[in-house]
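Source file: final.cif; contents: mmCIF, C-alpha atoms.
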```
data_start
loop_
_atom_site.group_PDB
_atom_site.id
_atom_site.type_symbol
_atom_site.label_atom_id
_atom_site.label_comp_id
_atom_site.auth_asym_id
_atom_site.auth_seq_id
_atom_site.Cartn_x
_atom_site.Cartn_y
_atom_site.Cartn_z
ATOM 1 C CA MET A 28 40.029 6.998 -18.495
ATOM 2 C CA THR A 29 42.885 4.533 -18.052
ATOM 3 C CA VAL A 30 43.597 6.209 -14.743
ATOM 4 C CA ASN A 31 40.047 5.498 -13.640
ATOM 5 C CA TYR A 32 40.450 1.769 -14.214
ATOM 6 C CA GLN A 33 43.835 1.615 -12.516
ATOM 7 C CA THR A 34 42.406 3.160 -9.348
ATOM 8 C CA HIS A 35 39.741 0.394 -9.315
ATOM 9 C CA MET A 36 36.879 2.803 -9.614
ATOM 10 C CA PRO A 37 33.589 0.966 -10.215
ATOM 11 C CA ALA A 38 32.945 0.709 -13.930
ATOM 12 C CA ALA A 39 29.680 2.637 -13.836
ATOM 13 C CA ALA A 40 31.212 5.519 -11.890
ATOM 14 C CA ALA A 41 34.204 5.601 -14.224
ATOM 15 C CA HIS A 42 31.854 5.733 -17.192
ATOM 16 C CA SER A 43 29.766 8.593 -15.841
ATOM 17 C CA ALA A 44 32.905 10.483 -14.835
ATOM 18 C CA SER A 45 34.426 10.226 -18.311
ATOM 19 C CA HIS A 46 31.023 10.976 -19.862
ATOM 20 C CA GLY A 47 30.672 14.217 -17.918
ATOM 21 C CA HIS A 48 34.277 15.090 -18.692
ATOM 22 C CA ASP A 49 33.766 14.709 -22.437
ATOM 23 C CA HIS A 50 30.720 16.958 -22.403
ATOM 24 C CA ALA A 51 32.408 19.739 -20.466
ATOM 25 C CA HIS A 52 34.961 20.173 -23.268
ATOM 26 C CA ASP A 53 32.770 19.391 -26.267
ATOM 27 C CA ASP A 54 32.207 22.981 -27.387
ATOM 28 C CA GLY A 55 33.419 22.421 -30.954
ATOM 29 C CA SER A 56 36.518 24.590 -30.603
ATOM 30 C CA LYS A 57 38.809 21.540 -30.882
ATOM 31 C CA THR A 58 37.051 20.448 -34.078
ATOM 32 C CA VAL A 59 37.605 23.868 -35.637
ATOM 33 C CA LEU A 60 41.240 23.945 -34.465
ATOM 34 C CA GLY A 61 41.779 20.460 -35.955
ATOM 35 C CA PHE A 62 40.227 21.617 -39.213
ATOM 36 C CA TRP A 63 42.542 24.638 -39.217
ATOM 37 C CA ILE A 64 45.534 22.283 -38.904
ATOM 38 C CA TYR A 65 44.194 20.322 -41.906
ATOM 39 C CA LEU A 66 43.940 23.584 -43.874
ATOM 40 C CA MET A 67 47.559 24.410 -43.033
ATOM 41 C CA SER A 68 48.644 21.007 -44.398
ATOM 42 C CA ASP A 69 46.610 21.816 -47.510
ATOM 43 C CA CYS A 70 48.618 25.061 -47.696
ATOM 44 C CA LEU A 71 51.770 22.954 -47.997
ATOM 45 C CA ILE A 72 50.292 21.047 -50.970
ATOM 46 C CA PHE A 73 49.627 24.365 -52.695
ATOM 47 C CA ALA A 74 53.088 25.651 -51.694
ATOM 48 C CA SER A 75 54.762 22.720 -53.485
ATOM 49 C CA LEU A 76 52.534 23.185 -56.537
ATOM 50 C CA PHE A 77 53.382 26.918 -56.616
ATOM 51 C CA ALA A 78 57.102 26.090 -56.284
ATOM 52 C CA THR A 79 56.767 23.610 -59.170
ATOM 53 C CA PHE A 80 55.019 26.220 -61.289
ATOM 54 C CA GLY A 81 57.688 28.768 -60.335
ATOM 55 C CA VAL A 82 60.404 26.444 -61.657
ATOM 56 C CA LEU A 83 58.574 25.292 -64.822
ATOM 57 C CA GLY A 84 56.558 28.451 -65.580
ATOM 58 C CA THR A 85 58.779 29.574 -68.457
ATOM 59 C CA SER A 86 59.472 26.107 -69.956
ATOM 60 C CA ALA A 87 56.987 26.351 -72.807
ATOM 61 C CA ALA A 88 58.935 23.865 -75.022
ATOM 62 C CA GLY A 89 58.430 26.066 -78.109
ATOM 63 C CA GLY A 90 54.664 26.007 -77.546
ATOM 64 C CA PRO A 91 52.374 28.857 -76.496
ATOM 65 C CA GLY A 92 53.456 30.786 -73.395
ATOM 66 C CA ALA A 93 51.516 32.593 -70.693
ATOM 67 C CA ARG A 94 51.326 35.817 -72.698
ATOM 68 C CA ASP A 95 49.718 34.047 -75.692
ATOM 69 C CA LEU A 96 47.168 32.143 -73.608
ATOM 70 C CA PHE A 97 45.995 34.169 -70.616
ATOM 71 C CA ASP A 98 43.024 36.511 -70.999
ATOM 72 C CA LEU A 99 43.269 38.948 -68.059
ATOM 73 C CA PRO A 100 39.729 40.443 -68.217
ATOM 74 C CA TYR A 101 38.385 36.872 -68.078
ATOM 75 C CA VAL A 102 40.592 36.089 -65.049
ATOM 76 C CA ALA A 103 39.459 39.349 -63.400
ATOM 77 C CA ALA A 104 35.828 38.204 -63.773
ATOM 78 C CA GLU A 105 36.675 34.807 -62.192
ATOM 79 C CA THR A 106 38.450 36.660 -59.363
ATOM 80 C CA ALA A 107 35.422 38.902 -58.775
ATOM 81 C CA LEU A 108 33.070 35.894 -58.558
ATOM 82 C CA LEU A 109 35.248 34.164 -55.958
ATOM 83 C CA LEU A 110 35.870 37.329 -53.918
ATOM 84 C CA ILE A 111 32.149 38.192 -53.802
ATOM 85 C CA SER A 112 31.354 34.581 -52.816
ATOM 86 C CA SER A 113 33.816 34.902 -49.918
ATOM 87 C CA PHE A 114 31.962 38.044 -48.806
ATOM 88 C CA THR A 115 28.505 36.415 -49.074
ATOM 89 C CA PHE A 116 29.783 33.518 -46.945
ATOM 90 C CA GLY A 117 30.764 36.181 -44.387
ATOM 91 C CA LEU A 118 27.150 37.414 -44.453
ATOM 92 C CA ALA A 119 26.013 33.802 -43.857
ATOM 93 C CA SER A 120 28.369 33.650 -40.828
ATOM 94 C CA ILE A 121 26.822 36.844 -39.435
ATOM 95 C CA ALA A 122 23.315 35.392 -39.868
ATOM 96 C CA LEU A 123 24.574 32.226 -38.143
ATOM 97 C CA GLN A 124 25.679 34.240 -35.103
ATOM 98 C CA ALA A 125 22.265 35.911 -35.029
ATOM 99 C CA GLY A 126 20.590 32.486 -35.196
ATOM 100 C CA LYS A 127 18.638 33.269 -38.387
ATOM 101 C CA ARG A 128 18.413 29.925 -40.167
ATOM 102 C CA ASP A 129 16.643 31.099 -43.305
ATOM 103 C CA ALA A 130 19.085 33.978 -43.808
ATOM 104 C CA VAL A 131 22.022 31.551 -43.399
ATOM 105 C CA ALA A 132 20.500 29.229 -46.013
ATOM 106 C CA THR A 133 19.858 32.123 -48.418
ATOM 107 C CA TRP A 134 23.418 33.476 -48.217
ATOM 108 C CA LEU A 135 24.829 29.956 -48.582
ATOM 109 C CA MET A 136 22.748 29.548 -51.759
ATOM 110 C CA VAL A 137 24.095 32.851 -53.125
ATOM 111 C CA THR A 138 27.631 31.673 -52.257
ATOM 112 C CA PHE A 139 26.924 28.371 -54.032
ATOM 113 C CA ALA A 140 25.700 30.155 -57.176
ATOM 114 C CA LEU A 141 28.794 32.395 -57.304
ATOM 115 C CA GLY A 142 31.122 29.419 -56.711
ATOM 116 C CA LEU A 143 29.342 27.477 -59.455
ATOM 117 C CA GLY A 144 29.833 30.449 -61.791
ATOM 118 C CA PHE A 145 33.560 30.458 -60.989
ATOM 119 C CA ILE A 146 33.873 26.723 -61.726
ATOM 120 C CA ALA A 147 31.871 27.074 -64.949
ATOM 121 C CA MET A 148 34.246 29.825 -66.139
ATOM 122 C CA GLU A 149 37.284 27.728 -65.220
ATOM 123 C CA VAL A 150 35.971 24.621 -67.002
ATOM 124 C CA HIS A 151 35.261 26.790 -70.063
ATOM 125 C CA GLU A 152 38.818 28.215 -69.904
ATOM 126 C CA PHE A 153 40.376 24.733 -69.609
ATOM 127 C CA THR A 154 38.347 23.234 -72.470
ATOM 128 C CA HIS A 155 39.257 26.223 -74.655
ATOM 129 C CA LEU A 156 42.984 25.689 -73.906
ATOM 130 C CA VAL A 157 42.759 21.966 -74.702
ATOM 131 C CA GLU A 158 40.860 22.716 -77.935
ATOM 132 C CA ILE A 159 43.567 25.075 -79.237
ATOM 133 C CA GLY A 160 46.255 22.477 -78.501
ATOM 134 C CA ALA A 161 47.464 23.983 -75.212
ATOM 135 C CA GLY A 162 46.479 21.071 -72.985
ATOM 136 C CA PRO A 163 48.505 19.790 -70.031
ATOM 137 C CA ASP A 164 50.492 17.475 -72.361
ATOM 138 C CA ARG A 165 51.861 20.367 -74.465
ATOM 139 C CA SER A 166 54.716 21.581 -72.236
ATOM 140 C CA ALA A 167 56.093 21.551 -68.680
ATOM 141 C CA PHE A 168 54.627 25.035 -68.228
ATOM 142 C CA LEU A 169 51.130 23.833 -69.125
ATOM 143 C CA SER A 170 51.453 20.653 -67.015
ATOM 144 C CA ALA A 171 52.335 22.765 -63.980
ATOM 145 C CA TYR A 172 49.587 25.277 -64.813
ATOM 146 C CA PHE A 173 46.819 22.681 -65.125
ATOM 147 C CA THR A 174 47.972 20.857 -61.970
ATOM 148 C CA LEU A 175 48.071 24.014 -59.831
ATOM 149 C CA VAL A 176 44.922 25.744 -61.086
ATOM 150 C CA GLY A 177 43.094 22.394 -61.444
ATOM 151 C CA THR A 178 43.871 21.451 -57.818
ATOM 152 C CA HIS A 179 42.390 24.769 -56.686
ATOM 153 C CA GLY A 180 39.350 24.132 -58.913
ATOM 154 C CA LEU A 181 38.870 20.665 -57.392
ATOM 155 C CA HIS A 182 38.942 22.217 -53.922
ATOM 156 C CA VAL A 183 36.269 24.730 -54.944
ATOM 157 C CA THR A 184 34.190 21.880 -56.401
ATOM 158 C CA ALA A 185 34.496 19.978 -53.102
ATOM 159 C CA GLY A 186 33.441 23.198 -51.340
ATOM 160 C CA LEU A 187 30.345 23.367 -53.583
ATOM 161 C CA VAL A 188 29.366 19.784 -52.655
ATOM 162 C CA TRP A 189 29.895 20.640 -48.981
ATOM 163 C CA LEU A 190 27.791 23.828 -49.372
ATOM 164 C CA ALA A 191 24.923 21.851 -50.939
ATOM 165 C CA ILE A 192 25.061 19.319 -48.090
ATOM 166 C CA MET A 193 25.049 22.058 -45.442
ATOM 167 C CA ILE A 194 22.071 23.835 -47.046
ATOM 168 C CA HIS A 195 20.204 20.508 -46.928
ATOM 169 C CA GLN A 196 21.246 19.908 -43.278
ATOM 170 C CA LEU A 197 20.072 23.398 -42.296
ATOM 171 C CA PHE A 198 16.543 22.531 -43.418
ATOM 172 C CA VAL A 199 16.587 19.047 -41.838
ATOM 173 C CA PHE A 200 18.400 19.698 -38.525
ATOM 174 C CA GLY A 201 18.168 23.494 -38.123
ATOM 175 C CA LEU A 202 20.905 25.480 -36.366
ATOM 176 C CA ASP A 203 22.065 22.926 -33.768
ATOM 177 C CA GLY A 204 25.578 22.529 -32.352
ATOM 178 C CA LEU A 205 26.585 20.103 -35.073
ATOM 179 C CA THR A 206 25.526 22.221 -38.070
ATOM 180 C CA ARG A 207 27.086 25.325 -36.424
ATOM 181 C CA ARG A 208 30.419 23.505 -36.022
ATOM 182 C CA ARG A 209 30.317 22.182 -39.599
ATOM 183 C CA LEU A 210 29.511 25.638 -40.947
ATOM 184 C CA ALA A 211 32.412 27.104 -38.933
ATOM 185 C CA CYS A 212 34.765 24.624 -40.666
ATOM 186 C CA LEU A 213 33.242 25.226 -44.115
ATOM 187 C CA SER A 214 33.619 28.983 -43.564
ATOM 188 C CA LEU A 215 37.371 28.566 -42.964
ATOM 189 C CA PHE A 216 37.626 26.281 -46.028
ATOM 190 C CA TRP A 217 35.806 28.711 -48.338
ATOM 191 C CA HIS A 218 37.762 31.819 -47.222
ATOM 192 C CA PHE A 219 40.990 29.802 -47.475
ATOM 193 C CA LEU A 220 40.253 28.992 -51.145
ATOM 194 C CA ASP A 221 39.968 32.711 -51.881
ATOM 195 C CA LEU A 222 43.384 33.222 -50.259
ATOM 196 C CA VAL A 223 44.912 30.583 -52.533
ATOM 197 C CA TRP A 224 43.265 32.263 -55.525
ATOM 198 C CA ILE A 225 44.992 35.597 -54.655
ATOM 199 C CA CYS A 226 48.314 33.778 -55.138
ATOM 200 C CA VAL A 227 47.042 32.103 -58.338
ATOM 201 C CA PHE A 228 45.950 35.307 -60.095
ATOM 202 C CA THR A 229 49.074 37.160 -58.966
ATOM 203 C CA PHE A 230 51.832 34.613 -59.546
ATOM 204 C CA VAL A 231 50.318 32.565 -62.392
ATOM 205 C CA TYR A 232 48.234 34.947 -64.494
ATOM 206 C CA LEU A 233 49.560 38.475 -63.841
ATOM 207 C CA ARG A 234 53.201 37.428 -63.459
ATOM 208 C CA GLY A 235 52.899 35.228 -66.575
ATOM 209 C CA VAL A 236 51.796 38.183 -68.668
ATOM 210 C CA ILE A 237 54.556 40.472 -67.290
ATOM 211 C CA VAL A 238 57.566 38.135 -67.581
ATOM 212 C CA MET B 22 37.731 43.848 -33.414
ATOM 213 C CA SER B 23 35.612 41.496 -35.520
ATOM 214 C CA ALA B 24 33.742 40.329 -32.413
ATOM 215 C CA HIS B 25 32.288 43.807 -31.851
ATOM 216 C CA ASN B 26 30.864 44.424 -35.291
ATOM 217 C CA PRO B 27 31.187 41.428 -37.635
ATOM 218 C CA LEU B 28 29.365 43.170 -40.499
ATOM 219 C CA ARG B 29 31.827 46.076 -40.511
ATOM 220 C CA SER B 30 34.695 43.560 -40.475
ATOM 221 C CA TYR B 31 33.406 41.661 -43.529
ATOM 222 C CA VAL B 32 32.443 44.795 -45.482
ATOM 223 C CA GLY B 33 35.820 46.440 -44.704
ATOM 224 C CA GLY B 34 37.731 43.299 -45.708
ATOM 225 C CA PHE B 35 35.694 42.988 -48.900
ATOM 226 C CA LEU B 36 36.214 46.617 -49.979
ATOM 227 C CA LEU B 37 39.956 46.489 -49.213
ATOM 228 C CA SER B 38 40.312 43.200 -51.149
ATOM 229 C CA LEU B 39 38.382 44.649 -54.063
ATOM 230 C CA ALA B 40 40.642 47.738 -54.148
ATOM 231 C CA LEU B 41 43.865 45.683 -53.904
ATOM 232 C CA THR B 42 42.679 43.293 -56.644
ATOM 233 C CA ALA B 43 41.779 46.232 -58.910
ATOM 234 C CA LEU B 44 45.230 47.779 -58.311
ATOM 235 C CA SER B 45 46.970 44.491 -59.191
ATOM 236 C CA PHE B 46 45.055 43.967 -62.431
ATOM 237 C CA GLY B 47 45.256 47.681 -63.229
ATOM 238 C CA THR B 48 49.057 47.730 -62.873
ATOM 239 C CA VAL B 49 49.469 44.905 -65.393
ATOM 240 C CA MET B 50 46.623 45.646 -67.807
ATOM 241 C CA ALA B 51 47.415 49.350 -68.147
ATOM 242 C CA GLY B 52 50.906 48.409 -69.389
ATOM 243 C CA GLY B 53 53.843 50.770 -69.587
ATOM 244 C CA VAL B 54 55.160 49.826 -66.141
ATOM 245 C CA ARG B 55 58.692 48.397 -66.096
ATOM 246 C CA PRO B 56 58.418 44.560 -65.729
ATOM 247 C CA ASP B 57 60.558 44.346 -62.566
ATOM 248 C CA LEU B 58 58.637 47.206 -60.926
ATOM 249 C CA ALA B 59 55.280 45.714 -61.931
ATOM 250 C CA LEU B 60 56.341 42.336 -60.514
ATOM 251 C CA SER B 61 57.331 43.877 -57.158
ATOM 252 C CA ALA B 62 54.108 45.900 -57.079
ATOM 253 C CA ILE B 63 51.779 42.922 -57.634
ATOM 254 C CA SER B 64 53.764 40.819 -55.106
ATOM 255 C CA VAL B 65 53.373 43.490 -52.416
ATOM 256 C CA LEU B 66 49.671 43.922 -53.292
ATOM 257 C CA ALA B 67 49.136 40.131 -53.050
ATOM 258 C CA VAL B 68 50.800 39.935 -49.618
ATOM 259 C CA ALA B 69 48.727 42.925 -48.455
ATOM 260 C CA GLN B 70 45.524 41.247 -49.618
ATOM 261 C CA LEU B 71 46.513 37.958 -47.944
ATOM 262 C CA VAL B 72 46.960 39.822 -44.644
ATOM 263 C CA VAL B 73 43.645 41.684 -45.106
ATOM 264 C CA GLN B 74 41.723 38.433 -45.698
ATOM 265 C CA LEU B 75 43.517 36.553 -42.900
ATOM 266 C CA VAL B 76 42.504 39.274 -40.428
ATOM 267 C CA PHE B 77 39.021 40.232 -41.674
ATOM 268 C CA PHE B 78 37.721 36.904 -43.084
ATOM 269 C CA LEU B 79 39.696 34.222 -41.201
ATOM 270 C CA HIS B 80 39.826 36.257 -37.961
ATOM 271 C CA LEU B 81 43.509 35.751 -37.220
ATOM 272 C CA GLY B 82 44.804 38.033 -34.505
ATOM 273 C CA THR B 83 46.332 38.243 -31.048
ATOM 274 C CA ALA B 84 43.129 37.817 -28.986
ATOM 275 C CA PRO B 85 43.306 34.758 -26.666
ATOM 276 C CA GLU B 86 40.794 32.717 -28.713
ATOM 277 C CA GLN B 87 42.632 33.503 -31.975
ATOM 278 C CA ARG B 88 46.154 32.885 -30.746
ATOM 279 C CA HIS B 89 46.277 29.109 -31.447
ATOM 280 C CA ASN B 90 45.282 29.535 -35.092
ATOM 281 C CA THR B 91 47.626 32.499 -35.533
ATOM 282 C CA VAL B 92 50.681 30.668 -34.175
ATOM 283 C CA ILE B 93 49.947 27.582 -36.299
ATOM 284 C CA PHE B 94 49.583 29.824 -39.343
ATOM 285 C CA ILE B 95 52.885 31.615 -38.698
ATOM 286 C CA LEU B 96 54.689 28.270 -38.472
ATOM 287 C CA THR B 97 53.033 27.147 -41.725
ATOM 288 C CA ALA B 98 54.003 30.408 -43.417
ATOM 289 C CA LEU B 99 57.621 29.739 -42.367
ATOM 290 C CA LEU B 100 57.457 26.230 -43.902
ATOM 291 C CA ILE B 101 55.890 27.601 -47.104
ATOM 292 C CA THR B 102 58.594 30.261 -47.433
ATOM 293 C CA THR B 103 61.286 27.613 -46.965
ATOM 294 C CA VAL B 104 59.754 25.218 -49.510
ATOM 295 C CA VAL B 105 59.070 27.860 -52.175
ATOM 296 C CA THR B 106 62.228 29.993 -51.949
ATOM 297 C CA GLY B 107 64.384 26.884 -51.424
ATOM 298 C CA SER B 108 62.970 25.186 -54.533
ATOM 299 C CA LEU B 109 63.300 28.292 -56.699
ATOM 300 C CA TRP B 110 66.851 28.965 -55.465
ATOM 301 C CA VAL B 111 68.146 25.413 -55.894
ATOM 302 C CA MET B 112 66.532 24.959 -59.320
ATOM 303 C CA HIS B 113 67.768 28.360 -60.494
ATOM 304 C CA ASN B 114 71.323 27.456 -59.485
ATOM 305 C CA ALA B 115 71.053 24.055 -61.150
ATOM 306 C CA ASN B 116 69.797 25.759 -64.296
ATOM 307 C CA VAL B 117 72.591 28.341 -64.336
ATOM 308 C CA ASN B 118 75.435 25.948 -63.528
ATOM 309 C CA MET B 119 74.462 22.806 -65.410
ATOM 310 C CA MET B 120 72.821 23.841 -68.674
ATOM 311 C CA PRO B 121 75.407 23.421 -71.458
ATOM 312 C CA MET B 122 73.838 26.223 -73.545
ATOM 313 C CA SER B 123 73.847 28.750 -70.700
ATOM 314 C CA PRO B 124 76.267 31.654 -71.341
ATOM 315 C CA ARG B 125 77.226 31.678 -67.650
ATOM 316 C CA THR B 126 78.622 28.125 -67.744
ATOM 317 C CA SER B 127 82.193 29.278 -68.089
ATOM 318 C CA VAL B 128 85.128 27.991 -66.059
ATOM 319 C CA GLY B 129 85.568 30.018 -62.934
ATOM 320 C CA ASP B 130 81.910 31.018 -62.756
#
```

Written form, structure tokens:
Amino acid sequence: MTVNYQTHMPAAAAHSASHGHDHAHDDGSKTVLGFWIYLMSDCLIFASLFATFGVLGTSAAGGPGARDLFDLPYVAAETALLLISSFTFGLASIALQAGKRDAVATWLMVTFALGLGFIAMEVHEFTHLVEIGAGPDRSAFLSAYFTLVGTHGLHVTAGLVWLAIMIHQLFVFGLDGLTRRRLACLSLFWHFLDLVWICVFTFVYLRGVIV
Amino acid sequence: MSAHNPLRSYVGGFLLSLALTALSFGTVMAGGVRPDLALSAISVLAVAQLVVQLVFFLHLGTAPEQRHNTVIFILTALLITTVVTGSLWVMHNANVNMMPMSPRTSVGD
């Protein structure tokens, strides 16, 4: 656009030229790529939290350790909820490609319910730990645990808010370019959270019980 | 691959993830496996599941429209590996060499 002004193009012509230019490239792929770059920076936040947990994971300060606290069948149930919700979001993506608005909304609602179940289980787990005196102030191990798993939980909660907003937008705006682009970003976000959870159940819960 | 039949891609990814998750939990909950072996097993299973979900759910691959995301992810994975292994290595060394109670803190260690 600067080039247009330097070549003394009439303002109106310059405007229409840049206008047409913007539209030709506005297919949403740059938005999704930008969102992917954000997700990768989010990966680095989780990487530092995992590194912190890796260093402090055995520093229980004489308090309860991973083996005393973690209930693996309970964690397996949380894992199942999140994995199934990732799959139902995939079904919503397929309905999106087929242009079926009501099917997209239905699968997003199922995904929301499963995600809510996951968060409810996690909140229950955290309150139980605090009640038995194993809160984040008990030891370095528990500080690192609550920070890492809590950060993941906050991301899932943000995903739930986003899901609710998108379900509302589907009914108000339908499947237009904007809602499609937003759902493409939310899809990456939701699947990404399941990827982080694979690392959480492996390196926090399972590893904690082994070591 | 996923462009041809998206449903097969999601179902396949889901079933593989389910199987890998069950193997991970099974290895630890069954007990009786040597700790170092169990740790290696669940690490390999986790990496396998990460790859499965990256390909089947996040559609990473070598197709022209996937290449940008894939390259950015590989660079991020390199950064993550550096941050995590570097932190664990440095802190482990600090722990071994500087803790007064550690049995390995002898002269000439």

**Message:** At a cut-off of 6 Å, which residues of chain B touch chain A? Count all atoms listed in the file and give the answer as a count of residues only.
**Reply:** 3

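Here CA of Ile146 (chain A) and CA of Phe94 (chain B) stand 27.5 Å from one another.
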
**Asked** CA of Leu169 (chain A) to CA of Ala87 (chain A): how many Å, to one decimal?
**Response**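 Separation between CA of Leu169 (chain A) and CA of Ala87 (chain A): 7.4 Å.
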
**Message:** Set the distance at 12 Å and use all atoms listed in the file: which residues neighbour Val183 (chain A) once local chain neighbours fewer than 3 positions away are removed? I'd like the list as a PyMOL selection string.
**Reply:** chain A and resi 109+112-113+138-139+141-147+149+176-180+186-190+213+216-221+223-224

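Distance-wise, CA of Thr85 (chain A) and CA of Ser166 (chain A) end up 9.7 Å apart.
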
**Message:** Starting from the PyMOL selection byres ((chain B and resi 75) around 12), expand the selection into actual residues of this file and give them as number ranges by chain.
**Reply:** A: 215, 218-223, 225; B: 23, 30-31, 34-35, 38, 68-74, 76-82, 87, 90-91, 94-95

**Item:** Explicit residues for the PyMOL selection byres ((chain A and resi 205) around 12) (as a ChimeraX atom specification)
**Value:** /A:53-56,58-59,193,196-197,200-204,206-212

**Nearest candidate to Phe46 (chain B) (options A:Ala132, A:Ala140, A:Ala88, A:Ala104; using only C-alpha atoms)** =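 Nearest candidate to Phe46 (chain B) out of A:Ala132, A:Ala140, A:Ala88, A:Ala104: A:Ala104.
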
**Request:** Give me the residues within 9 Å of Ile194 (chain A) as a list of chain:residue names, counting only C-alpha atoms and dropping any in the same chain fewer than 6 places off.
**Result:** A:Val131, A:Ala132, A:Thr133, A:Leu135, A:Met136

Could you add N, CA and C atoms to region 76-92 of chain B and give me the result as an mmCIF file, keeping the file's coordinate frame?
```cif
data_model
loop_
_atom_site.group_PDB
_atom_site.id
_atom_site.type_symbol
_atom_site.label_atom_id
_atom_site.label_comp_id
_atom_site.auth_asym_id
_atom_site.auth_seq_id
_atom_site.Cartn_x
_atom_site.Cartn_y
_atom_site.Cartn_z
ATOM 1 N N VAL B 76 43.001 38.553 -41.608
ATOM 2 C CA VAL B 76 42.504 39.274 -40.428
ATOM 3 C C VAL B 76 40.984 39.433 -40.473
ATOM 4 N N PHE B 77 40.437 39.878 -41.621
ATOM 5 C CA PHE B 77 39.021 40.232 -41.674
ATOM 6 C C PHE B 77 38.115 39.029 -41.950
ATOM 7 N N PHE B 78 38.579 38.047 -42.739
ATOM 8 C CA PHE B 78 37.721 36.904 -43.084
ATOM 9 C C PHE B 78 38.039 35.686 -42.220
ATOM 10 N N LEU B 79 39.324 35.420 -41.970
ATOM 11 C CA LEU B 79 39.696 34.222 -41.201
ATOM 12 C C LEU B 79 39.950 34.551 -39.732
ATOM 13 N N HIS B 80 39.788 35.824 -39.365
ATOM 14 C CA HIS B 80 39.826 36.257 -37.961
ATOM 15 C C HIS B 80 41.115 35.876 -37.236
ATOM 16 N N LEU B 81 42.246 35.959 -37.927
ATOM 17 C CA LEU B 81 43.509 35.751 -37.220
ATOM 18 C C LEU B 81 43.842 37.027 -36.457
ATOM 19 N N GLY B 82 44.442 36.866 -35.294
ATOM 20 C CA GLY B 82 44.804 38.033 -34.505
ATOM 21 C C GLY B 82 45.487 37.606 -33.229
ATOM 22 N N THR B 83 45.606 38.534 -32.282
ATOM 23 C CA THR B 83 46.332 38.243 -31.048
ATOM 24 C C THR B 83 45.402 38.023 -29.861
ATOM 25 N N ALA B 84 44.072 38.073 -30.087
ATOM 26 C CA ALA B 84 43.129 37.817 -28.986
ATOM 27 C C ALA B 84 43.303 36.375 -28.501
ATOM 28 N N PRO B 85 43.045 36.091 -27.223
ATOM 29 C CA PRO B 85 43.306 34.758 -26.666
ATOM 30 C C PRO B 85 42.685 33.622 -27.485
ATOM 31 N N GLU B 86 41.441 33.822 -27.986
ATOM 32 C CA GLU B 86 40.794 32.717 -28.713
ATOM 33 C C GLU B 86 41.313 32.580 -30.145
ATOM 34 N N GLN B 87 42.084 33.567 -30.607
ATOM 35 C CA GLN B 87 42.632 33.503 -31.975
ATOM 36 C C GLN B 87 44.078 33.025 -31.978
ATOM 37 N N ARG B 88 44.702 33.043 -30.790
ATOM 38 C CA ARG B 88 46.154 32.885 -30.746
ATOM 39 C C ARG B 88 46.625 31.539 -31.298
ATOM 40 N N HIS B 89 45.891 30.434 -30.954
ATOM 41 C CA HIS B 89 46.277 29.109 -31.447
ATOM 42 C C HIS B 89 46.398 29.099 -32.968
ATOM 43 N N ASN B 90 45.298 29.537 -33.627
ATOM 44 C CA ASN B 90 45.282 29.535 -35.092
ATOM 45 C C ASN B 90 46.387 30.411 -35.664
ATOM 46 N N THR B 91 46.614 31.573 -35.019
ATOM 47 C CA THR B 91 47.626 32.499 -35.533
ATOM 48 C C THR B 91 49.019 31.881 -35.464
ATOM 49 N N VAL B 92 49.348 31.255 -34.325
ATOM 50 C CA VAL B 92 50.681 30.668 -34.175
ATOM 51 C C VAL B 92 50.886 29.534 -35.180
#
```
